[in-house]
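Chemist: This one is upload.cif, mmCIF, C-alpha atoms.
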```cif
data_run
#
loop_
_atom_site.label_atom_id
_atom_site.label_comp_id
_atom_site.auth_asym_id
_atom_site.auth_seq_id
_atom_site.Cartn_x
_atom_site.Cartn_y
_atom_site.Cartn_z
CA MET A 1 -183.70 73.30 -17.04
CA ALA A 2 -183.43 72.22 -20.63
CA ASP A 3 -180.17 70.30 -20.51
CA ARG A 4 -180.60 66.90 -22.01
CA GLN A 5 -178.73 63.66 -22.01
CA VAL A 6 -176.49 63.65 -25.06
CA HIS A 7 -175.36 60.55 -26.90
CA THR A 8 -171.62 60.27 -27.26
CA ASP A 9 -169.16 57.74 -28.63
CA GLU A 10 -166.18 56.26 -26.73
CA GLN A 11 -164.17 59.47 -27.17
CA GLY A 12 -167.01 61.50 -25.75
CA THR A 13 -167.84 62.96 -29.13
CA ARG A 14 -171.48 63.72 -29.74
CA GLN A 15 -173.53 61.64 -32.14
CA ILE A 16 -175.92 63.15 -34.63
CA ASP A 17 -179.41 63.45 -33.19
CA PRO A 18 -181.87 62.93 -36.08
CA GLU A 19 -184.52 64.82 -34.14
CA GLU A 20 -182.28 67.87 -33.94
CA THR A 21 -181.46 67.62 -37.63
CA GLU A 22 -185.16 67.64 -38.38
CA LEU A 23 -185.73 70.58 -36.05
CA ALA A 24 -182.94 72.49 -37.76
CA ALA A 25 -184.42 71.75 -41.19
CA ARG A 26 -187.87 72.89 -40.06
CA ALA A 27 -186.44 76.02 -38.46
CA HIS A 28 -184.59 76.78 -41.69
CA ALA A 29 -187.90 76.52 -43.51
CA GLY A 30 -189.32 79.18 -41.19
CA ASP A 31 -190.92 76.99 -38.51
CA LEU A 32 -190.52 79.08 -35.35
CA GLU A 33 -191.83 76.32 -33.14
CA ALA A 34 -188.96 74.10 -34.26
CA PHE A 35 -186.54 76.95 -33.69
CA GLY A 36 -188.01 77.42 -30.22
CA GLN A 37 -187.33 73.77 -29.41
CA LEU A 38 -183.70 74.17 -30.42
CA VAL A 39 -183.43 77.29 -28.24
CA GLU A 40 -185.05 75.36 -25.40
CA ARG A 41 -182.45 72.59 -25.72
CA TYR A 42 -179.39 74.76 -26.05
CA SER A 43 -180.12 77.96 -24.16
CA GLY A 44 -178.52 76.65 -20.96
CA GLN A 45 -175.25 75.83 -22.70
CA ALA A 46 -175.29 78.96 -24.80
CA ARG A 47 -175.91 81.28 -21.86
CA ARG A 48 -173.24 79.62 -19.71
CA VAL A 49 -170.60 79.73 -22.44
CA ALA A 50 -171.42 83.35 -23.27
CA ARG A 51 -171.43 84.36 -19.63
CA GLY A 52 -168.15 82.52 -19.10
CA VAL A 53 -166.57 84.69 -21.78
CA LEU A 54 -168.23 87.98 -20.85
CA GLY A 55 -168.40 87.66 -17.08
CA ASP A 56 -171.71 89.48 -16.91
CA PRO A 57 -175.06 87.66 -17.04
CA HIS A 58 -176.84 90.38 -19.03
CA ASP A 59 -174.06 90.68 -21.57
CA GLY A 60 -173.94 86.90 -21.72
CA ASP A 61 -177.67 86.68 -22.44
CA ASP A 62 -177.40 89.35 -25.13
CA ALA A 63 -174.57 87.47 -26.79
CA ALA A 64 -176.44 84.16 -26.52
CA GLN A 65 -179.51 85.74 -28.09
CA ASP A 66 -177.43 87.24 -30.90
CA ALA A 67 -175.94 83.81 -31.47
CA PHE A 68 -179.34 82.09 -31.72
CA LEU A 69 -180.59 84.68 -34.20
CA SER A 70 -177.39 84.41 -36.20
CA ALA A 71 -177.77 80.63 -36.22
CA LEU A 72 -181.32 81.00 -37.51
CA ARG A 73 -180.12 83.24 -40.35
CA ASN A 74 -177.32 80.83 -41.20
CA LEU A 75 -179.06 77.48 -40.85
CA GLY A 76 -178.53 76.99 -44.57
CA ARG A 77 -174.83 76.58 -43.82
CA TYR A 78 -175.34 73.91 -41.16
CA ASP A 79 -174.08 70.52 -42.29
CA PRO A 80 -176.78 68.03 -41.20
CA THR A 81 -174.30 65.16 -41.32
CA ARG A 82 -172.61 66.61 -38.22
CA PRO A 83 -173.93 67.21 -34.70
CA PHE A 84 -175.79 70.46 -34.18
CA GLY A 85 -174.35 71.36 -30.75
CA PRO A 86 -170.74 72.08 -31.75
CA TRP A 87 -171.92 74.11 -34.76
CA LEU A 88 -174.11 76.24 -32.51
CA MET A 89 -171.46 76.58 -29.80
CA ARG A 90 -169.04 77.93 -32.38
CA ILE A 91 -171.51 80.68 -33.20
CA VAL A 92 -172.10 81.33 -29.49
CA SER A 93 -168.42 81.59 -28.63
CA ASN A 94 -167.80 83.89 -31.62
CA ALA A 95 -170.73 86.10 -30.62
CA ALA A 96 -169.49 86.30 -27.03
CA VAL A 97 -165.91 87.06 -28.06
CA ASP A 98 -167.09 89.76 -30.49
CA ARG A 99 -169.25 91.37 -27.83
CA ARG A 100 -166.45 91.26 -25.30
CA ARG A 101 -164.15 93.06 -27.70
CA ARG A 102 -166.76 95.72 -28.29
CA ASN A 103 -167.42 96.23 -24.62
CA LYS A 104 -165.29 98.33 -22.40
CA VAL A 105 -162.98 96.31 -20.29
CA ARG A 106 -164.57 96.01 -16.93
CA ALA A 107 -162.30 96.27 -13.97
CA THR A 108 -162.81 93.29 -11.79
CA GLU A 109 -161.80 93.64 -8.25
CA ALA A 110 -160.52 90.41 -6.89
CA LEU A 111 -162.18 89.07 -3.82
CA SER A 112 -159.61 87.80 -1.43
CA PRO A 113 -160.39 84.24 -0.51
CA SER A 114 -157.45 84.06 1.80
CA SER A 115 -159.18 83.09 4.97
CA PRO A 116 -162.36 81.15 4.43
CA THR A 117 -163.89 79.85 7.57
CA ARG A 118 -165.88 76.75 7.91
CA ALA A 119 -169.26 77.45 9.32
CA GLY A 120 -172.58 75.73 9.44
CA GLY A 121 -176.04 77.17 9.12
CA PRO A 122 -176.53 80.54 7.42
CA ALA A 123 -172.78 81.18 7.29
CA ALA A 124 -172.33 78.20 4.94
CA ASP A 125 -174.39 79.95 2.31
CA THR A 126 -172.25 83.05 2.67
CA ASP A 127 -169.14 80.93 2.24
CA ARG A 128 -170.61 79.29 -0.82
CA ARG A 129 -171.34 82.65 -2.37
CA ALA A 130 -167.82 83.84 -1.53
CA MET A 131 -166.36 80.77 -3.16
CA LEU A 132 -168.43 81.24 -6.29
CA GLN A 133 -167.45 84.89 -6.41
CA ALA A 134 -163.79 83.91 -6.16
CA LEU A 135 -164.36 81.39 -8.93
CA GLU A 136 -165.94 84.10 -11.08
CA THR A 137 -162.94 86.33 -10.47
CA GLY A 138 -160.59 83.48 -11.34
CA LEU A 139 -162.53 82.73 -14.50
CA GLY A 140 -162.40 86.40 -15.45
CA ARG A 141 -158.62 86.35 -15.21
CA LEU A 142 -158.23 83.47 -17.64
CA PRO A 143 -157.48 84.19 -21.28
CA GLU A 144 -160.63 84.17 -23.38
CA ARG A 145 -159.98 80.84 -25.10
CA GLN A 146 -159.19 79.07 -21.83
CA ARG A 147 -162.52 80.22 -20.39
CA ILE A 148 -164.41 78.79 -23.31
CA ALA A 149 -162.38 75.57 -23.35
CA VAL A 150 -162.84 74.89 -19.62
CA THR A 151 -166.54 75.74 -19.72
CA LEU A 152 -167.17 73.53 -22.73
CA PHE A 153 -165.09 70.67 -21.33
CA ASP A 154 -165.89 70.60 -17.63
CA VAL A 155 -169.38 72.07 -17.62
CA GLU A 156 -170.90 71.09 -20.95
CA GLY A 157 -169.06 67.82 -21.51
CA TYR A 158 -167.70 68.48 -24.98
CA SER A 159 -164.68 66.44 -26.04
CA HIS A 160 -161.29 67.93 -26.88
CA ALA A 161 -161.94 67.16 -30.55
CA GLU A 162 -165.29 68.95 -30.51
CA ILE A 163 -163.85 71.97 -28.74
CA ALA A 164 -161.03 72.07 -31.26
CA GLU A 165 -163.65 72.24 -33.99
CA ILE A 166 -165.64 74.90 -32.16
CA LEU A 167 -162.60 77.10 -31.52
CA GLN A 168 -160.89 76.27 -34.82
CA VAL A 169 -157.64 75.34 -33.11
CA PRO A 170 -155.65 72.08 -32.90
CA GLN A 171 -156.65 69.53 -30.27
CA GLY A 172 -153.29 69.97 -28.55
CA THR A 173 -154.10 73.63 -28.04
CA VAL A 174 -157.43 72.71 -26.47
CA ARG A 175 -155.72 70.24 -24.11
CA SER A 176 -153.28 72.93 -23.13
CA ASP A 177 -156.05 75.50 -22.62
CA VAL A 178 -158.09 73.13 -20.47
CA PHE A 179 -155.03 72.14 -18.47
CA HIS A 180 -153.89 75.71 -17.74
CA GLY A 181 -157.42 76.98 -17.18
CA ARG A 182 -158.21 74.23 -14.71
CA ARG A 183 -154.94 74.71 -12.90
CA ALA A 184 -155.65 78.41 -12.39
CA LEU A 185 -159.22 77.79 -11.25
CA ARG A 186 -158.16 75.04 -8.88
CA ALA A 187 -155.62 77.42 -7.38
CA THR A 188 -158.42 79.95 -6.93
CA LEU A 189 -160.49 77.38 -5.09
CA ARG A 190 -157.61 76.02 -3.02
CA PRO A 191 -158.59 77.95 0.14
CA TRP A 192 -161.82 75.97 0.10
CA GLN A 193 -160.00 72.72 -0.59
CA ASP A 194 -161.23 70.90 2.48
CA TRP A 195 -164.88 71.59 2.20
CA LYS A 196 -165.83 72.81 -1.24
CA GLU A 197 -167.35 69.50 -2.28
CA GLU A 198 -169.58 69.62 0.72
CA VAL A 199 -170.51 73.25 0.11
CA LEU A 200 -171.32 72.49 -3.48
CA MET B 1 -160.40 67.46 -7.47
CA LYS B 2 -158.12 65.25 -9.47
CA ALA B 3 -154.45 65.87 -10.12
CA ALA B 4 -153.95 68.14 -13.13
CA SER B 5 -152.84 66.48 -16.34
CA PRO B 6 -153.10 67.77 -19.90
CA PHE B 7 -153.86 64.19 -20.96
CA ASP B 8 -156.87 63.88 -18.71
CA HIS B 9 -159.83 63.49 -21.01
CA ARG B 10 -162.41 63.32 -18.21
CA PRO B 11 -164.32 66.36 -17.04
CA ASP B 12 -163.54 67.56 -13.51
CA LYS B 13 -166.91 67.01 -11.86
CA VAL B 14 -166.33 69.25 -8.86
CA LEU B 15 -164.97 72.14 -10.85
CA GLY B 16 -167.65 71.60 -13.47
CA LYS B 17 -170.36 71.66 -10.83
CA ALA B 18 -169.02 74.87 -9.32
CA LEU B 19 -168.76 76.54 -12.73
CA ARG B 20 -172.23 75.36 -13.69
CA GLU B 21 -173.68 76.86 -10.55
CA LEU B 22 -171.80 80.09 -11.16
CA LEU B 23 -172.71 80.43 -14.84
CA THR B 24 -176.27 79.07 -15.00
CA PRO B 25 -178.68 81.97 -15.08
CA ALA B 26 -182.26 81.89 -13.91
CA ASP B 27 -185.43 82.64 -15.91
CA HIS B 28 -184.82 80.00 -18.54
CA GLN B 29 -188.33 80.17 -20.01
CA ALA B 30 -188.26 83.96 -20.21
CA PHE B 31 -185.02 83.79 -22.16
CA VAL B 32 -186.39 81.21 -24.59
CA ALA B 33 -189.54 83.29 -25.11
CA GLU B 34 -187.50 86.43 -25.74
CA VAL B 35 -185.27 84.71 -28.31
CA VAL B 36 -188.25 83.26 -30.16
CA ALA B 37 -189.98 86.67 -30.15
CA SER B 38 -186.82 88.27 -31.54
CA ALA B 39 -186.67 85.56 -34.21
CA ARG B 40 -190.26 86.32 -35.15
CA ARG B 41 -189.38 90.01 -35.51
CA GLN B 42 -186.29 89.10 -37.50
CA ILE B 43 -188.27 86.97 -39.94
CA ALA B 44 -191.01 89.59 -40.23
CA GLY B 45 -188.47 92.33 -40.80
CA THR B 46 -186.67 90.47 -43.53
CA PRO B 47 -188.24 91.45 -46.88
CA ALA B 48 -188.71 88.60 -49.29
CA PRO B 49 -186.45 89.06 -52.29
CA ASN B 50 -188.46 90.44 -55.20
CA PHE B 51 -187.99 90.22 -58.92
CA TRP B 52 -185.99 93.45 -59.18
CA ASP B 53 -183.62 92.40 -56.39
CA ILE B 54 -182.89 89.14 -58.17
CA LEU B 55 -182.60 90.90 -61.53
CA GLY B 56 -180.26 93.44 -59.96
CA ALA B 57 -178.12 90.66 -58.57
CA TRP B 58 -177.94 89.03 -61.94
CA MET B 59 -177.26 92.31 -63.77
CA GLY B 60 -174.11 92.95 -61.80
CA PRO B 61 -171.98 90.25 -63.45
CA GLY B 62 -173.68 90.94 -66.79
CA LEU B 63 -172.71 94.60 -66.70
CA VAL B 64 -169.14 93.72 -65.81
CA ALA B 65 -168.94 91.27 -68.72
CA ALA B 66 -170.43 93.83 -71.13
CA ALA B 67 -168.01 96.52 -69.95
CA ALA B 68 -165.10 94.11 -70.37
CA LEU B 69 -166.27 93.32 -73.91
CA VAL B 70 -166.54 97.03 -74.83
CA LEU B 71 -163.09 97.75 -73.39
CA ALA B 72 -161.60 94.79 -75.25
CA THR B 73 -163.19 95.97 -78.51
CA LEU B 74 -161.95 99.53 -78.03
CA ALA B 75 -158.49 98.29 -77.19
CA GLY B 76 -158.52 96.13 -80.29
CA MET B 77 -159.58 99.03 -82.48
CA GLN B 78 -156.98 101.32 -81.02
CA GLY B 79 -154.25 98.72 -81.33
CA GLY B 80 -155.39 97.89 -84.90
CA GLY B 81 -154.79 101.51 -86.04
CA SER B 82 -151.09 101.14 -85.69
CA VAL B 83 -150.88 98.19 -88.07
CA ASP B 84 -149.92 98.98 -91.70
CA TYR B 85 -152.22 97.10 -93.96
CA VAL B 86 -150.86 96.58 -97.53
CA THR B 87 -153.42 96.15 -100.29
CA ILE B 88 -152.93 94.19 -103.51
CA ASP B 89 -153.26 97.44 -105.45
CA ASP B 90 -150.32 98.89 -103.54
CA GLU B 91 -148.21 95.86 -104.33
CA LEU B 92 -149.10 95.96 -108.04
CA SER B 93 -148.49 99.71 -108.25
CA ASN B 94 -144.97 99.18 -106.99
CA LEU B 95 -144.25 96.83 -109.87
CA PHE B 96 -144.55 99.59 -112.46
CA GLN B 97 -142.02 102.32 -113.00
CA THR B 98 -144.08 104.82 -115.01
CA PRO B 99 -147.59 106.22 -114.74
CA GLU B 100 -148.39 104.89 -118.20
CA GLU B 101 -147.63 101.34 -117.21
CA ARG B 102 -149.72 101.73 -114.08
CA ALA B 103 -152.58 103.21 -116.15
CA MET B 104 -152.43 100.33 -118.59
CA MET B 105 -152.55 97.82 -115.81
CA PHE B 106 -155.58 99.30 -114.16
CA ALA B 107 -157.44 100.27 -117.33
CA PRO B 108 -160.89 98.73 -117.63
CA ALA B 109 -160.23 97.61 -121.25
CA PRO B 110 -157.11 96.07 -122.77
CA PRO B 111 -154.84 98.68 -124.51
CA ASP B 112 -154.19 98.75 -128.23
CA ALA B 113 -151.21 96.80 -129.52
CA ASP B 114 -149.57 100.05 -130.67
CA VAL B 115 -149.62 101.50 -127.22
CA VAL B 116 -148.04 98.36 -125.81
CA LEU B 117 -145.32 98.37 -128.47
CA VAL B 118 -144.54 102.05 -127.89
CA SER B 119 -144.25 101.47 -124.17
CA ALA B 120 -141.98 98.49 -124.65
CA TYR B 121 -139.85 100.44 -127.06
CA GLU B 122 -139.45 103.37 -124.69
CA ASN B 123 -138.34 101.14 -121.83
#
```
Is it possible to give me this structure as structure tokens?
Modeler:
Amino acid sequence: MADRQVHTDEQGTRQIDPEETELAARAHAGDLEAFGQLVERYSGQARRVARGVLGDPHDGDDAAQDAFLSALRNLGRYDPTRPFGPWLMRIVSNAAVDRRRRNKVRATEALSPSSPTRAGGPAADTDRRAMLQALETGLGRLPERQRIAVTLFDVEGYSHAEIAEILQVPQGTVRSDVFHGRRALRATLRPWQDWKEEVL
Amino acid sequence: MKAASPFDHRPDKVLGKALRELLTPADHQAFVAEVVASARRQIAGTPAPNFWDILGAWMGPGLVAAAALVLATLAGMQGGGSVDYVTIDDELSNLFQTPEERAMMFAPAPPDADVVLVSAYEN
């Protein structure tokens, strides 16, 4: 997997990576190898964020791909004095939200996690899948912005300030979105409260 | 999982791990290769701007400015037609009461003294 260690300050805000700035400049000049390295670094994040919004892996990949190509076209607008990741994630979240609005609303049937049973051996894998499916359903029920905020915060490690910049909303709104999104997802996972850490 | 607080600035590791497992797709390298291939097609399919494109882009504002200039000129001409211009000849003509006086004033050569005396006598 391409996820890399990112350098952050005390507030968890990303620092500028000179290597990325150089890659972006080369990609802007038409160097596809440099562009490929940026895709390699960020495809994990981009696909997860897009899938978090869209709920479907294929739609998510399409949106992530659209976002990368859009980023390539618009690299001239990237400010090299700021970190590349939040700039790209803004494009990704916009692409995913646009695609979601274009798509038909998919009816998601909730999986009832009301009576999970603890089991060892092969059953544990079934339980794990059931828990992840419940989590997916819970994520699908969140408002769009909460999905993005929770994914960026708890999965990708972006700070509130960075997410505020990505979503173009105040930091207080991001805190609220993360808080409410987490609370709903934790409630979804509550039936697995006693053993989810072990399953995961 | 930790107790929920909107002021918690730390990621929830357990929830994050579960979401990461849920959302992380497989075939990472295939995705990267597909995006790069699409980028190659995008670059190849984008025609380089040629001279006429650039000229066309420049001509747009130029045509607007020229049209504005023509309209302003026409408006000025149309507005100017309603103004009554008074010439110096008109002003001088108004000073004289008879055609003879006016003729004397605009004659190319000075009149004879007799003519002037007759005119003064008649008035």
Chemist: Identify, on the basis of all atoms listed in the file, every residue whose closest approach to segment 12-23 of chain B does not exceed 6 Å; exclude the query and any residue fewer than 3 positions from it along the same chain; express the result as a PDB file with C-alpha atoms, keeping the file's coordinate frame.
Modeler:
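The resulting file, part-v2.pdb, is shown below:
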```pdb
ATOM      1  CA  ARG A  48    -173.240  79.620 -19.710  1.00  0.00           C
ATOM      2  CA  ASP A 154    -165.890  70.600 -17.630  1.00  0.00           C
ATOM      3  CA  VAL A 155    -169.380  72.070 -17.620  1.00  0.00           C
TER       4      VAL A 155
END
```
Chemist: Suppose a student applies the PyMOL selection byres ((chain B) within 12 of (chain A)) to this structure; what residues should they get, written as a ChimeraX atom specification?
Modeler: /B:1-44,46
Chemist: I need the chosen residues saved as a PDB file, keeping the file's coordinate frame, with C-alpha atoms.
Modeler:
```pdb
ATOM      1  CA  MET B   1    -160.400  67.460  -7.470  1.00  0.00           C
ATOM      2  CA  LYS B   2    -158.120  65.250  -9.470  1.00  0.00           C
ATOM      3  CA  ALA B   3    -154.450  65.870 -10.120  1.00  0.00           C
ATOM      4  CA  ALA B   4    -153.950  68.140 -13.130  1.00  0.00           C
ATOM      5  CA  SER B   5    -152.840  66.480 -16.340  1.00  0.00           C
ATOM      6  CA  PRO B   6    -153.100  67.770 -19.900  1.00  0.00           C
ATOM      7  CA  PHE B   7    -153.860  64.190 -20.960  1.00  0.00           C
ATOM      8  CA  ASP B   8    -156.870  63.880 -18.710  1.00  0.00           C
ATOM      9  CA  HIS B   9    -159.830  63.490 -21.010  1.00  0.00           C
ATOM     10  CA  ARG B  10    -162.410  63.320 -18.210  1.00  0.00           C
ATOM     11  CA  PRO B  11    -164.320  66.360 -17.040  1.00  0.00           C
ATOM     12  CA  ASP B  12    -163.540  67.560 -13.510  1.00  0.00           C
ATOM     13  CA  LYS B  13    -166.910  67.010 -11.860  1.00  0.00           C
ATOM     14  CA  VAL B  14    -166.330  69.250  -8.860  1.00  0.00           C
ATOM     15  CA  LEU B  15    -164.970  72.140 -10.850  1.00  0.00           C
ATOM     16  CA  GLY B  16    -167.650  71.600 -13.470  1.00  0.00           C
ATOM     17  CA  LYS B  17    -170.360  71.660 -10.830  1.00  0.00           C
ATOM     18  CA  ALA B  18    -169.020  74.870  -9.320  1.00  0.00           C
ATOM     19  CA  LEU B  19    -168.760  76.540 -12.730  1.00  0.00           C
ATOM     20  CA  ARG B  20    -172.230  75.360 -13.690  1.00  0.00           C
ATOM     21  CA  GLU B  21    -173.680  76.860 -10.550  1.00  0.00           C
ATOM     22  CA  LEU B  22    -171.800  80.090 -11.160  1.00  0.00           C
ATOM     23  CA  LEU B  23    -172.710  80.430 -14.840  1.00  0.00           C
ATOM     24  CA  THR B  24    -176.270  79.070 -15.000  1.00  0.00           C
ATOM     25  CA  PRO B  25    -178.680  81.970 -15.080  1.00  0.00           C
ATOM     26  CA  ALA B  26    -182.260  81.890 -13.910  1.00  0.00           C
ATOM     27  CA  ASP B  27    -185.430  82.640 -15.910  1.00  0.00           C
ATOM     28  CA  HIS B  28    -184.820  80.000 -18.540  1.00  0.00           C
ATOM     29  CA  GLN B  29    -188.330  80.170 -20.010  1.00  0.00           C
ATOM     30  CA  ALA B  30    -188.260  83.960 -20.210  1.00  0.00           C
ATOM     31  CA  PHE B  31    -185.020  83.790 -22.160  1.00  0.00           C
ATOM     32  CA  VAL B  32    -186.390  81.210 -24.590  1.00  0.00           C
ATOM     33  CA  ALA B  33    -189.540  83.290 -25.110  1.00  0.00           C
ATOM     34  CA  GLU B  34    -187.500  86.430 -25.740  1.00  0.00           C
ATOM     35  CA  VAL B  35    -185.270  84.710 -28.310  1.00  0.00           C
ATOM     36  CA  VAL B  36    -188.250  83.260 -30.160  1.00  0.00           C
ATOM     37  CA  ALA B  37    -189.980  86.670 -30.150  1.00  0.00           C
ATOM     38  CA  SER B  38    -186.820  88.270 -31.540  1.00  0.00           C
ATOM     39  CA  ALA B  39    -186.670  85.560 -34.210  1.00  0.00           C
ATOM     40  CA  ARG B  40    -190.260  86.320 -35.150  1.00  0.00           C
ATOM     41  CA  ARG B  41    -189.380  90.010 -35.510  1.00  0.00           C
ATOM     42  CA  GLN B  42    -186.290  89.100 -37.500  1.00  0.00           C
ATOM     43  CA  ILE B  43    -188.270  86.970 -39.940  1.00  0.00           C
ATOM     44  CA  ALA B  44    -191.010  89.590 -40.230  1.00  0.00           C
ATOM     45  CA  THR B  46    -186.670  90.470 -43.530  1.00  0.00           C
TER      46      THR B  46
END
```
Chemist: Rounded to one decimal, what separation in Å do you get between atom CA of Ala95 of chain A and atom CA of Ala63 of chain A?
Modeler: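 Going from atom CA of Ala95 of chain A over to atom CA of Ala63 of chain A covers 5.6 Å.
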Chemist: If we count only C-alpha atoms, what is near Leu167 of chain A at a cut-off of 12 Å, once residues fewer than 2 positions away on the same chain are taken out, given as an mmCIF file with C-alpha atoms, in the coordinates of the input?
Modeler:
```cif
data_model
loop_
_atom_site.group_PDB
_atom_site.id
_atom_site.type_symbol
_atom_site.label_atom_id
_atom_site.label_comp_id
_atom_site.auth_asym_id
_atom_site.auth_seq_id
_atom_site.Cartn_x
_atom_site.Cartn_y
_atom_site.Cartn_z
ATOM 1 C CA PRO A 86 -170.740 72.080 -31.750
ATOM 2 C CA TRP A 87 -171.920 74.110 -34.760
ATOM 3 C CA LEU A 88 -174.110 76.240 -32.510
ATOM 4 C CA MET A 89 -171.460 76.580 -29.800
ATOM 5 C CA ARG A 90 -169.040 77.930 -32.380
ATOM 6 C CA ILE A 91 -171.510 80.680 -33.200
ATOM 7 C CA VAL A 92 -172.100 81.330 -29.490
ATOM 8 C CA SER A 93 -168.420 81.590 -28.630
ATOM 9 C CA ASN A 94 -167.800 83.890 -31.620
ATOM 10 C CA VAL A 97 -165.910 87.060 -28.060
ATOM 11 C CA GLU A 144 -160.630 84.170 -23.380
ATOM 12 C CA ARG A 145 -159.980 80.840 -25.100
ATOM 13 C CA GLN A 146 -159.190 79.070 -21.830
ATOM 14 C CA ARG A 147 -162.520 80.220 -20.390
ATOM 15 C CA ILE A 148 -164.410 78.790 -23.310
ATOM 16 C CA ALA A 149 -162.380 75.570 -23.350
ATOM 17 C CA LEU A 152 -167.170 73.530 -22.730
ATOM 18 C CA TYR A 158 -167.700 68.480 -24.980
ATOM 19 C CA HIS A 160 -161.290 67.930 -26.880
ATOM 20 C CA ALA A 161 -161.940 67.160 -30.550
ATOM 21 C CA GLU A 162 -165.290 68.950 -30.510
ATOM 22 C CA ILE A 163 -163.850 71.970 -28.740
ATOM 23 C CA ALA A 164 -161.030 72.070 -31.260
ATOM 24 C CA GLU A 165 -163.650 72.240 -33.990
ATOM 25 C CA VAL A 169 -157.640 75.340 -33.110
ATOM 26 C CA PRO A 170 -155.650 72.080 -32.900
ATOM 27 C CA GLN A 171 -156.650 69.530 -30.270
ATOM 28 C CA THR A 173 -154.100 73.630 -28.040
ATOM 29 C CA VAL A 174 -157.430 72.710 -26.470
ATOM 30 C CA ASP A 177 -156.050 75.500 -22.620
#
```
Chemist: Do you know which residues the PyMOL selection byres ((chain A and resi 23) around 8) returns on this file, as a ChimeraX atom specification?
Modeler: /A:19-22,24-27,34-35,37-38
Chemist: May I have the residues from that selection written out with C-alpha atoms, as an mmCIF file, in the frame of the given file?
Modeler:
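So result_8.cif came out as:
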```cif
data_model
loop_
_atom_site.group_PDB
_atom_site.id
_atom_site.type_symbol
_atom_site.label_atom_id
_atom_site.label_comp_id
_atom_site.auth_asym_id
_atom_site.auth_seq_id
_atom_site.Cartn_x
_atom_site.Cartn_y
_atom_site.Cartn_z
ATOM 1 C CA GLU A 19 -184.520 64.820 -34.140
ATOM 2 C CA GLU A 20 -182.280 67.870 -33.940
ATOM 3 C CA THR A 21 -181.460 67.620 -37.630
ATOM 4 C CA GLU A 22 -185.160 67.640 -38.380
ATOM 5 C CA ALA A 24 -182.940 72.490 -37.760
ATOM 6 C CA ALA A 25 -184.420 71.750 -41.190
ATOM 7 C CA ARG A 26 -187.870 72.890 -40.060
ATOM 8 C CA ALA A 27 -186.440 76.020 -38.460
ATOM 9 C CA ALA A 34 -188.960 74.100 -34.260
ATOM 10 C CA PHE A 35 -186.540 76.950 -33.690
ATOM 11 C CA GLN A 37 -187.330 73.770 -29.410
ATOM 12 C CA LEU A 38 -183.700 74.170 -30.420
#
```
Chemist: Kindly give the distance, in Å, that separates atom CA of Ala130 of chain A and atom CA of Pro191 of chain A, rounded to a single decimal.
Modeler: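 Interatomic distance, atom CA of Ala130 of chain A to atom CA of Pro191 of chain A: 11.1 Å.
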Chemist: So, with all atoms listed in the file as the atoms that count, which of A:Pro143, A:Ile166, A:Ala134, A:Asp98 lies closest to Thr188 of chain A?
Modeler: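 Smallest distance to Thr188 of chain A is found for A:Ala134.
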Chemist: Identify which of the residues A:Gly140, A:Ala29, A:Arg14, A:Ala71 lies closest to Arg100 of chain A, counting all atoms listed in the file when measuring atom-to-atom distances.
Modeler: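 Smallest separation from Arg100 of chain A among the options: A:Gly140.
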Chemist: Work out how far apart atom CA of Asp112 of chain B and atom CA of Glu100 of chain B are and give it in Å to one decimal.
Modeler: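 Spanning atom CA of Asp112 of chain B to atom CA of Glu100 of chain B is a straight-line distance of 13.1 Å.
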